[in-house]
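The file start_16.txt comes next; it holds compact mmCIF, C-alpha atoms (C1' of nucleotides).
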# COMPACT_ATOMS: atom_id res chain seq x y z
CA MET A 23 -8.30 59.94 -3.02
CA MET A 24 -7.69 60.44 0.62
CA ALA A 25 -7.85 63.98 1.92
CA GLU A 26 -4.47 65.55 2.33
CA THR A 27 -3.75 66.43 5.91
CA ALA A 28 -2.48 69.86 6.89
CA THR A 29 0.80 68.27 7.94
CA ASP A 30 1.21 66.76 4.48
CA ARG A 31 0.60 70.06 2.77
CA ILE A 32 3.10 71.74 5.05
CA VAL A 33 5.76 69.13 4.39
CA ASP A 34 5.18 69.26 0.66
CA ALA A 35 5.32 73.04 0.58
CA THR A 36 8.54 73.00 2.57
CA PHE A 37 10.30 70.54 0.29
CA ALA A 38 9.13 72.47 -2.75
CA LEU A 39 10.60 75.67 -1.35
CA VAL A 40 13.83 73.98 -0.37
CA ALA A 41 14.18 72.62 -3.88
CA GLU A 42 13.62 76.09 -5.32
CA ARG A 43 15.80 78.22 -3.11
CA GLY A 44 17.85 75.98 -0.88
CA LEU A 45 17.18 75.22 2.72
CA GLY A 46 18.76 78.36 4.11
CA ALA A 47 16.36 80.64 2.29
CA VAL A 48 13.18 78.96 3.46
CA THR A 49 11.26 80.78 6.19
CA MET A 50 8.35 79.63 8.29
CA THR A 51 6.40 82.63 7.02
CA GLU A 52 6.87 81.51 3.45
CA VAL A 53 5.99 77.91 4.16
CA ALA A 54 2.77 79.03 5.77
CA ASP A 55 1.82 81.03 2.69
CA ARG A 56 2.66 78.24 0.30
CA ALA A 57 0.82 75.64 2.33
CA GLY A 58 -2.19 77.93 2.54
CA VAL A 59 -2.18 77.99 6.30
CA ALA A 60 -1.67 80.58 9.02
CA ARG A 61 1.80 81.00 10.37
CA GLN A 62 0.58 80.22 13.83
CA THR A 63 -0.84 76.93 12.61
CA LEU A 64 2.62 76.00 11.46
CA TYR A 65 3.91 76.43 14.98
CA ASN A 66 1.08 74.23 16.22
CA HIS A 67 2.58 71.39 14.21
CA PHE A 68 6.30 72.07 14.03
CA SER A 69 8.80 74.10 15.98
CA ASP A 70 10.96 75.12 13.03
CA VAL A 71 11.83 74.45 9.41
CA GLU A 72 14.35 71.81 10.29
CA GLN A 73 11.78 69.77 12.13
CA ILE A 74 9.52 69.84 9.09
CA ILE A 75 12.33 68.47 6.98
CA VAL A 76 13.15 65.75 9.46
CA THR A 77 9.52 64.71 9.63
CA GLY A 78 9.27 64.56 5.87
CA ILE A 79 12.38 62.49 5.48
CA GLU A 80 11.27 60.12 8.18
CA GLN A 81 7.86 59.58 6.64
CA TYR A 82 9.40 58.99 3.28
CA ALA A 83 12.10 56.67 4.55
CA GLN A 84 9.71 54.65 6.67
CA SER A 85 7.10 54.07 4.03
CA GLY A 86 9.79 53.37 1.47
CA LEU A 87 11.70 50.99 3.66
CA ALA A 88 8.65 48.98 4.62
CA HIS A 89 7.67 48.58 1.01
CA LEU A 90 11.18 47.63 0.06
CA VAL A 91 11.44 44.96 2.73
CA GLU A 92 8.20 43.49 1.48
CA LEU A 93 9.47 43.29 -2.06
CA LEU A 94 12.79 41.84 -0.98
CA GLU A 95 11.10 39.02 0.91
CA ALA A 96 9.34 38.00 -2.26
CA THR A 97 12.62 37.86 -4.12
CA GLY A 98 14.74 34.77 -4.32
CA THR A 99 18.45 35.02 -4.93
CA ALA A 100 20.85 37.56 -3.53
CA GLU A 101 21.63 38.71 -7.05
CA ALA A 102 17.98 39.36 -7.74
CA LYS A 103 17.70 41.27 -4.50
CA MET A 104 20.53 43.56 -5.48
CA GLU A 105 18.90 44.12 -8.84
CA LEU A 106 15.69 45.01 -7.07
CA LEU A 107 17.58 47.44 -4.87
CA ALA A 108 19.00 49.15 -7.93
CA ARG A 109 15.64 49.40 -9.65
CA TYR A 110 14.06 50.66 -6.49
CA THR A 111 16.68 53.35 -5.97
CA VAL A 112 16.36 54.59 -9.51
CA ALA A 113 12.62 54.84 -9.12
CA ALA A 114 12.87 56.58 -5.76
CA GLY A 115 15.32 59.11 -7.17
CA ASN A 116 12.57 60.29 -9.48
CA HIS A 117 9.79 60.47 -6.92
CA GLY A 118 10.98 61.57 -3.51
CA HIS A 119 11.70 65.08 -2.43
CA GLY A 120 15.40 64.94 -3.26
CA VAL A 121 15.85 63.65 0.21
CA GLU A 122 19.55 62.96 0.18
CA ASP A 123 20.22 66.43 -1.06
CA VAL A 124 18.84 68.09 2.00
CA ARG A 125 20.08 65.82 4.72
CA SER A 126 23.55 67.26 4.96
CA ALA A 127 22.24 70.78 5.43
CA LEU A 128 20.74 69.95 8.78
CA SER A 129 22.14 70.55 12.21
CA PRO A 130 24.34 67.82 13.64
CA GLU A 131 21.58 66.77 16.03
CA ALA A 132 18.97 66.37 13.35
CA ARG A 133 21.40 64.48 11.22
CA ALA A 134 22.23 62.08 14.00
CA HIS A 135 18.52 61.54 14.47
CA LEU A 136 18.07 60.60 10.84
CA ASP A 137 21.07 58.32 10.83
CA ARG A 138 18.87 55.70 12.41
CA HIS A 139 17.09 55.12 9.11
CA GLN A 140 20.30 55.19 7.20
CA SER A 141 21.57 52.40 9.40
CA GLU A 142 18.37 50.39 8.96
CA PHE A 143 18.90 50.49 5.26
CA ARG A 144 22.52 49.55 5.67
CA THR A 145 21.53 46.58 7.80
CA LEU A 146 19.35 45.47 4.96
CA VAL A 147 22.20 45.63 2.50
CA VAL A 148 24.56 43.90 4.88
CA SER A 149 22.17 41.01 5.34
CA ILE A 150 21.74 40.57 1.61
CA ILE A 151 25.49 40.47 1.16
CA THR A 152 25.87 37.98 3.98
CA ASN A 153 23.24 35.73 2.50
CA GLY A 154 24.86 35.93 -0.90
CA MET A 155 28.19 34.97 0.59
CA ASP A 156 26.66 31.99 2.35
CA ASP A 157 24.99 30.55 -0.70
CA GLY A 158 27.97 31.19 -2.95
CA SER A 159 26.41 33.95 -5.03
CA PHE A 160 29.11 36.39 -4.01
CA ASP A 161 32.78 36.10 -3.16
CA ALA A 162 33.34 34.44 0.18
CA ASP A 163 35.99 36.85 1.39
CA LEU A 164 33.97 40.06 1.42
CA ASP A 165 33.69 42.32 4.43
CA PRO A 166 29.89 42.75 4.48
CA ASP A 167 29.92 46.06 6.39
CA ARG A 168 32.43 47.71 4.14
CA HIS A 169 31.02 46.34 0.94
CA ALA A 170 27.62 47.56 2.04
CA VAL A 171 29.05 51.07 2.06
CA LEU A 172 30.35 50.55 -1.45
CA VAL A 173 26.99 49.27 -2.62
CA GLN A 174 25.34 52.33 -1.15
CA GLY A 175 27.80 54.51 -3.00
CA LEU A 176 26.79 52.86 -6.25
CA LEU A 177 23.12 53.24 -5.40
CA LEU A 178 23.71 56.91 -4.81
CA SER A 179 25.18 57.07 -8.29
CA ALA A 180 22.01 55.43 -9.49
CA SER A 181 20.03 58.39 -8.19
CA ASP A 182 22.40 60.78 -9.94
CA LEU A 183 22.18 58.92 -13.21
CA ALA A 184 18.44 58.65 -13.02
CA ALA A 185 18.09 62.33 -12.21
CA SER A 186 20.28 63.43 -15.09
CA GLY A 187 18.12 61.64 -17.60
CA GLY A 188 18.39 58.30 -19.27
CA ASP A 189 16.14 55.29 -19.42
CA PRO A 190 15.44 54.17 -15.84
CA ALA A 191 15.52 50.50 -16.72
CA GLU A 192 18.82 50.90 -18.46
CA VAL A 193 20.32 52.81 -15.54
CA ALA A 194 19.10 50.19 -13.10
CA GLY A 195 20.68 47.50 -15.24
CA LEU A 196 24.00 49.27 -15.37
CA VAL A 197 24.05 49.86 -11.65
CA SER A 198 23.02 46.36 -10.64
CA GLU A 199 25.61 44.88 -12.98
CA SER A 200 28.24 47.04 -11.33
CA ILE A 201 27.13 46.02 -7.87
CA LEU A 202 27.35 42.36 -8.79
CA ARG A 203 30.81 42.87 -10.19
CA VAL A 204 31.98 44.51 -7.00
CA LEU A 205 30.57 41.64 -4.98
CA GLY A 206 32.23 39.12 -7.24
CA ALA A 207 29.08 37.50 -8.59
CA SER A 208 29.58 35.07 -11.47
CA MET B 30 55.22 79.64 7.58
CA MET B 31 53.34 82.18 5.57
CA ALA B 32 51.14 84.68 7.41
CA GLU B 33 47.49 83.77 7.41
CA THR B 34 45.39 86.30 5.54
CA ALA B 35 42.19 87.72 7.00
CA THR B 36 40.23 85.89 4.33
CA ASP B 37 41.76 82.59 5.38
CA ARG B 38 40.89 83.14 9.00
CA ILE B 39 37.34 84.01 8.03
CA VAL B 40 36.95 80.91 5.90
CA ASP B 41 38.41 78.69 8.58
CA ALA B 42 36.21 80.17 11.28
CA THR B 43 33.16 79.67 9.09
CA PHE B 44 33.86 76.02 8.34
CA ALA B 45 34.56 75.38 12.00
CA LEU B 46 31.21 76.87 12.97
CA VAL B 47 29.39 74.97 10.25
CA ALA B 48 30.91 71.73 11.47
CA GLU B 49 29.81 72.50 15.02
CA ARG B 50 26.27 73.69 14.50
CA GLY B 51 25.30 73.10 10.91
CA LEU B 52 25.20 75.70 8.21
CA GLY B 53 21.80 77.09 9.09
CA ALA B 54 22.90 78.18 12.55
CA VAL B 55 25.94 80.12 11.45
CA THR B 56 25.61 83.91 11.50
CA MET B 57 27.87 86.59 10.12
CA THR B 58 28.07 88.11 13.58
CA GLU B 59 29.37 84.85 15.00
CA VAL B 60 31.89 84.34 12.22
CA ALA B 61 33.25 87.82 12.81
CA ASP B 62 33.76 87.09 16.50
CA ARG B 63 35.40 83.76 15.87
CA ALA B 64 37.68 85.13 13.20
CA GLY B 65 38.64 88.02 15.48
CA VAL B 66 37.48 90.65 13.04
CA ALA B 67 34.84 93.37 12.95
CA ARG B 68 31.53 92.44 11.44
CA GLN B 69 31.88 95.20 8.92
CA THR B 70 35.21 93.78 7.80
CA LEU B 71 33.42 90.57 6.98
CA TYR B 72 31.13 92.44 4.65
CA ASN B 73 34.17 94.03 3.04
CA HIS B 74 35.22 90.56 1.93
CA PHE B 75 32.03 88.56 1.55
CA SER B 76 28.39 89.34 1.05
CA ASP B 77 27.01 86.48 3.12
CA VAL B 78 27.79 83.16 4.77
CA GLU B 79 27.09 81.22 1.63
CA GLN B 80 29.70 83.12 -0.32
CA ILE B 81 32.28 82.32 2.33
CA ILE B 82 31.50 78.65 1.96
CA VAL B 83 31.67 78.78 -1.80
CA THR B 84 35.03 80.53 -1.65
CA GLY B 85 36.39 77.97 0.75
CA ILE B 86 35.26 75.04 -1.33
CA GLU B 87 36.66 76.59 -4.47
CA GLN B 88 40.06 77.18 -2.92
CA TYR B 89 40.15 73.67 -1.61
CA ALA B 90 38.97 72.10 -4.85
CA GLN B 91 41.35 74.08 -6.99
CA SER B 92 44.47 73.38 -5.00
CA GLY B 93 43.47 69.75 -4.66
CA LEU B 94 42.64 69.30 -8.31
CA ALA B 95 45.89 70.84 -9.53
CA HIS B 96 47.89 68.60 -7.28
CA LEU B 97 45.92 65.58 -8.38
CA VAL B 98 46.43 66.28 -12.06
CA GLU B 99 50.14 66.54 -11.44
CA LEU B 100 50.24 63.18 -9.71
CA LEU B 101 48.13 61.55 -12.40
CA GLU B 102 50.48 62.69 -15.14
CA ALA B 103 53.33 60.93 -13.39
CA THR B 104 51.34 57.72 -13.28
CA GLY B 105 51.45 55.11 -16.00
CA THR B 106 48.57 52.74 -16.51
CA ALA B 107 44.88 53.49 -16.22
CA GLU B 108 44.63 50.96 -13.39
CA ALA B 109 47.35 52.75 -11.45
CA LYS B 110 45.58 56.05 -12.03
CA MET B 111 42.38 54.71 -10.55
CA GLU B 112 44.28 53.41 -7.57
CA LEU B 113 45.82 56.82 -7.13
CA LEU B 114 42.39 58.38 -7.28
CA ALA B 115 41.19 56.08 -4.53
CA ARG B 116 44.16 56.79 -2.30
CA TYR B 117 43.82 60.48 -2.92
CA THR B 118 40.14 60.52 -2.06
CA VAL B 119 40.70 58.64 1.17
CA ALA B 120 43.40 61.09 2.17
CA ALA B 121 41.30 64.12 1.25
CA GLY B 122 38.38 62.82 3.27
CA ASN B 123 40.51 63.14 6.36
CA HIS B 124 41.90 66.60 5.71
CA GLY B 125 39.45 68.98 4.09
CA HIS B 126 36.65 70.85 5.75
CA GLY B 127 34.10 68.12 5.20
CA VAL B 128 33.47 69.80 1.90
CA GLU B 129 31.00 67.37 0.41
CA ASP B 130 28.88 67.59 3.51
CA VAL B 131 28.14 71.24 3.08
CA ARG B 132 27.69 71.50 -0.65
CA SER B 133 24.12 70.32 -0.79
CA ALA B 134 22.99 72.84 1.80
CA LEU B 135 23.66 75.73 -0.51
CA SER B 136 21.25 77.62 -2.68
CA PRO B 137 20.69 76.27 -6.17
CA GLU B 138 22.73 79.11 -7.66
CA ALA B 139 25.74 78.52 -5.47
CA ARG B 140 25.53 74.84 -6.16
CA ALA B 141 25.43 75.35 -9.87
CA HIS B 142 28.46 77.57 -9.50
CA LEU B 143 30.37 74.84 -7.73
CA ASP B 144 29.30 72.21 -10.21
CA ARG B 145 31.98 73.53 -12.49
CA HIS B 146 34.65 71.94 -10.33
CA GLN B 147 32.64 68.81 -9.96
CA SER B 148 32.52 68.55 -13.71
CA GLU B 149 36.27 69.18 -14.02
CA PHE B 150 36.82 66.24 -11.75
CA ARG B 151 34.39 64.17 -13.73
CA THR B 152 36.18 65.03 -16.95
CA LEU B 153 39.33 63.72 -15.36
CA VAL B 154 37.66 60.43 -14.50
CA VAL B 155 36.09 60.15 -17.93
CA SER B 156 39.44 60.60 -19.65
CA ILE B 157 41.08 57.94 -17.50
CA ILE B 158 38.31 55.53 -18.36
CA THR B 159 38.59 56.34 -22.04
CA ASN B 160 42.33 55.78 -22.00
CA GLY B 161 41.90 52.50 -20.18
CA MET B 162 39.38 51.37 -22.77
CA ASP B 163 41.74 52.24 -25.60
CA ASP B 164 44.72 50.35 -24.24
CA GLY B 165 42.63 47.36 -23.22
CA SER B 166 42.92 47.83 -19.47
CA PHE B 167 39.16 48.10 -19.13
CA ASP B 168 36.20 46.57 -20.92
CA ALA B 169 35.73 48.01 -24.37
CA ASP B 170 31.98 48.43 -24.12
CA LEU B 171 31.79 50.89 -21.25
CA ASP B 172 29.91 54.17 -21.38
CA PRO B 173 32.64 56.46 -20.04
CA ASP B 174 30.27 59.18 -18.84
CA ARG B 175 28.02 56.84 -16.97
CA HIS B 176 30.78 54.74 -15.54
CA ALA B 177 32.48 57.91 -14.38
CA VAL B 178 29.41 58.58 -12.25
CA LEU B 179 29.66 55.10 -10.80
CA VAL B 180 33.34 55.57 -10.05
CA GLN B 181 32.54 58.80 -8.27
CA GLY B 182 29.93 56.99 -6.23
CA LEU B 183 32.56 54.53 -5.11
CA LEU B 184 34.98 57.33 -4.32
CA LEU B 185 32.32 58.93 -2.19
CA SER B 186 32.06 55.66 -0.31
CA ALA B 187 35.80 55.86 0.14
CA SER B 188 35.35 59.11 2.04
CA ASP B 189 32.68 57.51 4.21
CA LEU B 190 34.79 54.48 4.96
CA ALA B 191 37.83 56.59 5.70
CA ALA B 192 35.85 58.88 7.98
CA SER B 193 34.33 56.02 9.96
CA GLY B 194 37.72 54.64 10.84
CA GLY B 195 39.82 51.91 9.39
CA ASP B 196 43.28 51.81 7.93
CA PRO B 197 43.45 54.34 5.06
CA ALA B 198 45.66 52.15 2.94
CA GLU B 199 43.33 49.23 3.36
CA VAL B 200 40.28 51.31 2.51
CA ALA B 201 42.01 52.68 -0.57
CA GLY B 202 42.84 49.15 -1.65
CA LEU B 203 39.29 47.96 -1.21
CA VAL B 204 37.87 50.89 -3.13
CA SER B 205 40.33 50.73 -6.00
CA GLU B 206 39.78 47.01 -6.36
CA SER B 207 36.05 47.63 -6.57
CA ILE B 208 36.50 50.35 -9.16
CA LEU B 209 38.62 48.06 -11.29
CA ARG B 210 36.00 45.34 -11.05
CA VAL B 211 33.27 47.69 -12.17
CA LEU B 212 35.39 48.74 -15.12
CA GLY B 213 36.10 45.15 -15.99
CA ALA B 214 39.87 45.22 -15.44
CA SER B 215 41.47 41.77 -15.54
C1' DG C 3 -27.76 74.63 20.23
C1' DC C 4 -23.51 74.01 22.63
C1' DA C 5 -19.08 72.73 23.72
C1' DC C 6 -14.50 71.76 22.64
C1' DG C 7 -10.43 71.38 19.97
C1' DA C 8 -8.17 73.36 16.03
C1' DA C 9 -7.19 77.26 13.00
C1' DT C 10 -6.56 82.16 12.62
C1' DA C 11 -5.16 87.09 12.94
C1' DG C 12 -2.76 90.53 15.41
C1' DA C 13 0.80 92.17 18.47
C1' DC C 14 5.26 91.68 20.82
C1' DA C 15 10.33 91.65 22.01
C1' DG C 16 14.48 89.71 20.43
C1' DA C 17 18.08 88.49 17.09
C1' DG C 18 20.32 88.87 12.79
C1' DT C 19 20.76 91.23 8.44
C1' DG C 20 22.79 94.38 5.10
C1' DT C 21 24.07 99.21 4.60
C1' DC C 22 25.96 103.76 5.77
C1' DC C 23 29.13 106.70 7.99
C1' DA C 24 33.01 108.80 10.33
C1' DG C 25 37.01 107.90 12.78
C1' DA C 26 41.35 104.93 13.91
C1' DA C 27 45.14 102.23 12.43
C1' DG C 28 48.73 100.72 9.11
C1' DA C 29 51.71 100.91 5.11
C1' DA C 30 54.10 103.11 1.55
C1' DA C 31 56.17 106.93 -0.63
C1' DT C 32 58.34 111.19 -0.81
C1' DA D 29 58.05 113.25 9.52
C1' DT D 30 54.36 114.20 7.18
C1' DT D 31 51.23 113.09 3.82
C1' DT D 32 48.33 109.82 1.30
C1' DC D 33 45.85 105.89 0.50
C1' DT D 34 43.78 101.83 1.91
C1' DT D 35 41.83 98.82 5.16
C1' DC D 36 39.74 97.94 9.67
C1' DT D 37 36.58 99.33 13.08
C1' DG D 38 32.52 100.51 16.03
C1' DG D 39 28.18 102.59 16.25
C1' DA D 40 23.67 103.41 14.25
C1' DC D 41 19.88 102.44 11.09
C1' DA D 42 15.61 100.16 9.06
C1' DC D 43 14.23 95.78 7.83
C1' DT D 44 12.88 90.79 8.13
C1' DC D 45 12.05 86.70 10.48
C1' DT D 46 11.49 84.43 14.69
C1' DG D 47 9.05 82.32 18.54
C1' DT D 48 5.52 83.30 21.91
C1' DC D 49 1.10 85.16 23.69
C1' DT D 50 -3.37 86.70 23.29
C1' DA D 51 -8.20 86.72 21.78
C1' DT D 52 -11.34 85.43 18.31
C1' DT D 53 -13.49 82.48 14.88
C1' DC D 54 -14.37 77.99 12.66
C1' DG D 55 -16.12 73.31 12.34
C1' DT D 56 -17.45 68.78 14.03
C1' DG D 57 -19.59 65.83 17.21
C1' DC D 58 -22.73 65.23 20.78

Starting from the file, give its structure as structure tokens.
Amino acid sequence: MMAETATDRIVDATFALVAERGLGAVTMTEVADRAGVARQTLYNHFSDVEQIIVTGIEQYAQSGLAHLVELLEATGTAEAKMELLARYTVAAGNHGHGVEDVRSALSPEARAHLDRHQSEFRTLVVSIITNGMDDGSFDADLDPDRHAVLVQGLLLSASDLAASGGDPAEVAGLVSESILRVLGAS
Amino acid sequence: MMAETATDRIVDATFALVAERGLGAVTMTEVADRAGVARQTLYNHFSDVEQIIVTGIEQYAQSGLAHLVELLEATGTAEAKMELLARYTVAAGNHGHGVEDVRSALSPEARAHLDRHQSEFRTLVVSIITNGMDDGSFDADLDPDRHAVLVQGLLLSASDLAASGGDPAEVAGLVSESILRVLGAS
DNA sequence: GCACGAATAGACAGAGTGTCCAGAAGAAAT
DNA sequence: ATTTCTTCTGGACACTCTGTCTATTCGTGC
């Protein structure tokens, strides 16, 4: 097991505190205590709480996205890819730091910064839809950009459903079925 | 035009500041200035920024929900009700204070408090689904609670789509069509 | 054993908080 | 008009957290 870096411990401590008390109530002083590190050390790594959050989300999104792309490439049909997306989202909703929950609490600048990743993910969805339209898996008259937004809305629901209990596999099945219906598959 | 109460001005000033700088950067001192009121007066009405937000969201949600219920009662079929819901959500996304954006920044307690309204809305959706299942408008084998979550996910997308431009009527049409597909209508 | 980068503890002014108080301003009633 | 009651106001207070600066210690590599 690879040694946890100080940065990792700081990020973890921060997300734990945010989950407990909400972002507004988290102080650098507290994070330092929780991470078992001097307050000054915190400032050696990050300039404020918000930057810690942004870093954490970025790490998470990047590692997750890379892995997801890998899995998608090994998957054949557009339908199967959407199913994978649903399963993946359900699984991520159980792991991650409740990422989506925090995002909207950030300053407009930080949010704009993070929107890059959001758009990478959207691009992914758009390309799957486009492929599915080309090979006849989905309706031919979809607007890929707009339907990608709808798919993301359903995936967000997947996180909600997974979080509020229920068999993950079952939830993933429900969500992917719904996605396919929206896209007009079979 | 009815005179604006001090409370209203405070709430408005707060949401304006939150939209500009993000919730974390909003101070009571600043809100007082913007609302044209003494700082002490602020504390006569609210105990902190979070409470102002909660109050604002509650007002908004209550007035909105009452109006919505009224409209729904004047609407016939379950399909038409879902379409109304979509149109309504698109319209609300353009008016309100960007309510959904702020919610998740709050402390767990405040969020739990607001979840009451969320659940009232969900109850509404669940009952429409149930009715639609009974009269054969929707598939008979739906899980109303779970599908209500999915419908809400799609409605959230409606806000996104409406916010990022595009003809409201068209967006509403797209979203309601998707909802009906998920619910298995015709 | 030494040097160098990283971590630490302590101190600092500044900003915002939440509370208290005493006075000013308004409204309502007699 | 004067009184009464409530709300608004401005100043003052101790407190917490911030972000920065210092000097000191730690640990690893050479």

### Message
Can you work out which residues from chain C touch chain A at a cut-off of 9 Å (counting all atoms listed in the file) and hand them back as a ChimeraX atom specification?
### Response
/C:8-11

#### Entry: Exercise: residues within 7 Å of coordinate (33.3, 41.3, -4.9), counting all atoms listed in the file, as a count of residues only
8

I'd like a table as a tab-separated table: residues in chain A with an atom no more than 7 Å from chain B, each row giving the shortest atom pair and its distance in Å to one decimal, only C-alpha atoms counted, sorted by chain and rising residue number.
residue	atom	partner	partner_atom	distance
A:Arg43	CA	B:Ser136	CA	5.5
A:Gly44	CA	B:Ser136	CA	4.2
A:Leu45	CA	B:Ala134	CA	6.3
A:Gly46	CA	B:Gly53	CA	6.0
A:Asp123	CA	B:Ser133	CA	5.5
A:Val124	CA	B:Ala134	CA	6.3
A:Ser126	CA	B:Asp130	CA	5.5
A:Ala127	CA	B:Ala134	CA	4.2
A:Leu128	CA	B:Gly51	CA	5.9
A:Ser129	CA	B:Gly51	CA	4.3
A:Pro130	CA	B:Gly51	CA	6.0
A:Val171	CA	B:Ser186	CA	6.0
A:Leu172	CA	B:Ser186	CA	5.5
A:Gly175	CA	B:Gly182	CA	4.6
A:Leu176	CA	B:Gly182	CA	5.2
A:Leu178	CA	B:Gly182	CA	6.4
A:Ser179	CA	B:Gly182	CA	5.2
A:Ser200	CA	B:Val211	CA	5.1
A:Arg203	CA	B:Val211	CA	5.8
A:Val204	CA	B:Ser207	CA	5.1

### Query
Once you count all atoms listed in the file, which residues of chain D turn out to be within 10 Å of chain A? Could you give them as a list in words?
DC45, DT46, DG47 and DT48 of chain D

### Query
So which residues fall inside 10 Å of (18.0, 49.9, 4.6) if we count only C-alpha atoms (C1' of nucleotides)? Mind giving them as a PyMOL selection string?
chain A and resi 83-84+86-88+90-91+107+138-149+174

Which residues, written as a PDB file with C-alpha atoms (C1' of nucleotides), in the frame of the given file, have at least one atom at most 12 Å from C:DA27, with all atoms listed in the file counted and residues fewer than 2 positions away on the same chain left out?
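The result, written out as out-v3.pdb:
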ATOM      1  C1'  DG C  25      37.010 107.900  12.780  1.00  0.00           C
ATOM      2  C1'  DA C  29      51.710 100.910   5.110  1.00  0.00           C
TER       3       DA C  29
ATOM      4  C1'  DT D  34      43.780 101.830   1.910  1.00  0.00           C
ATOM      5  C1'  DT D  35      41.830  98.820   5.160  1.00  0.00           C
ATOM      6  C1'  DC D  36      39.740  97.940   9.670  1.00  0.00           C
ATOM      7  C1'  DT D  37      36.580  99.330  13.080  1.00  0.00           C
TER       8       DT D  37
END
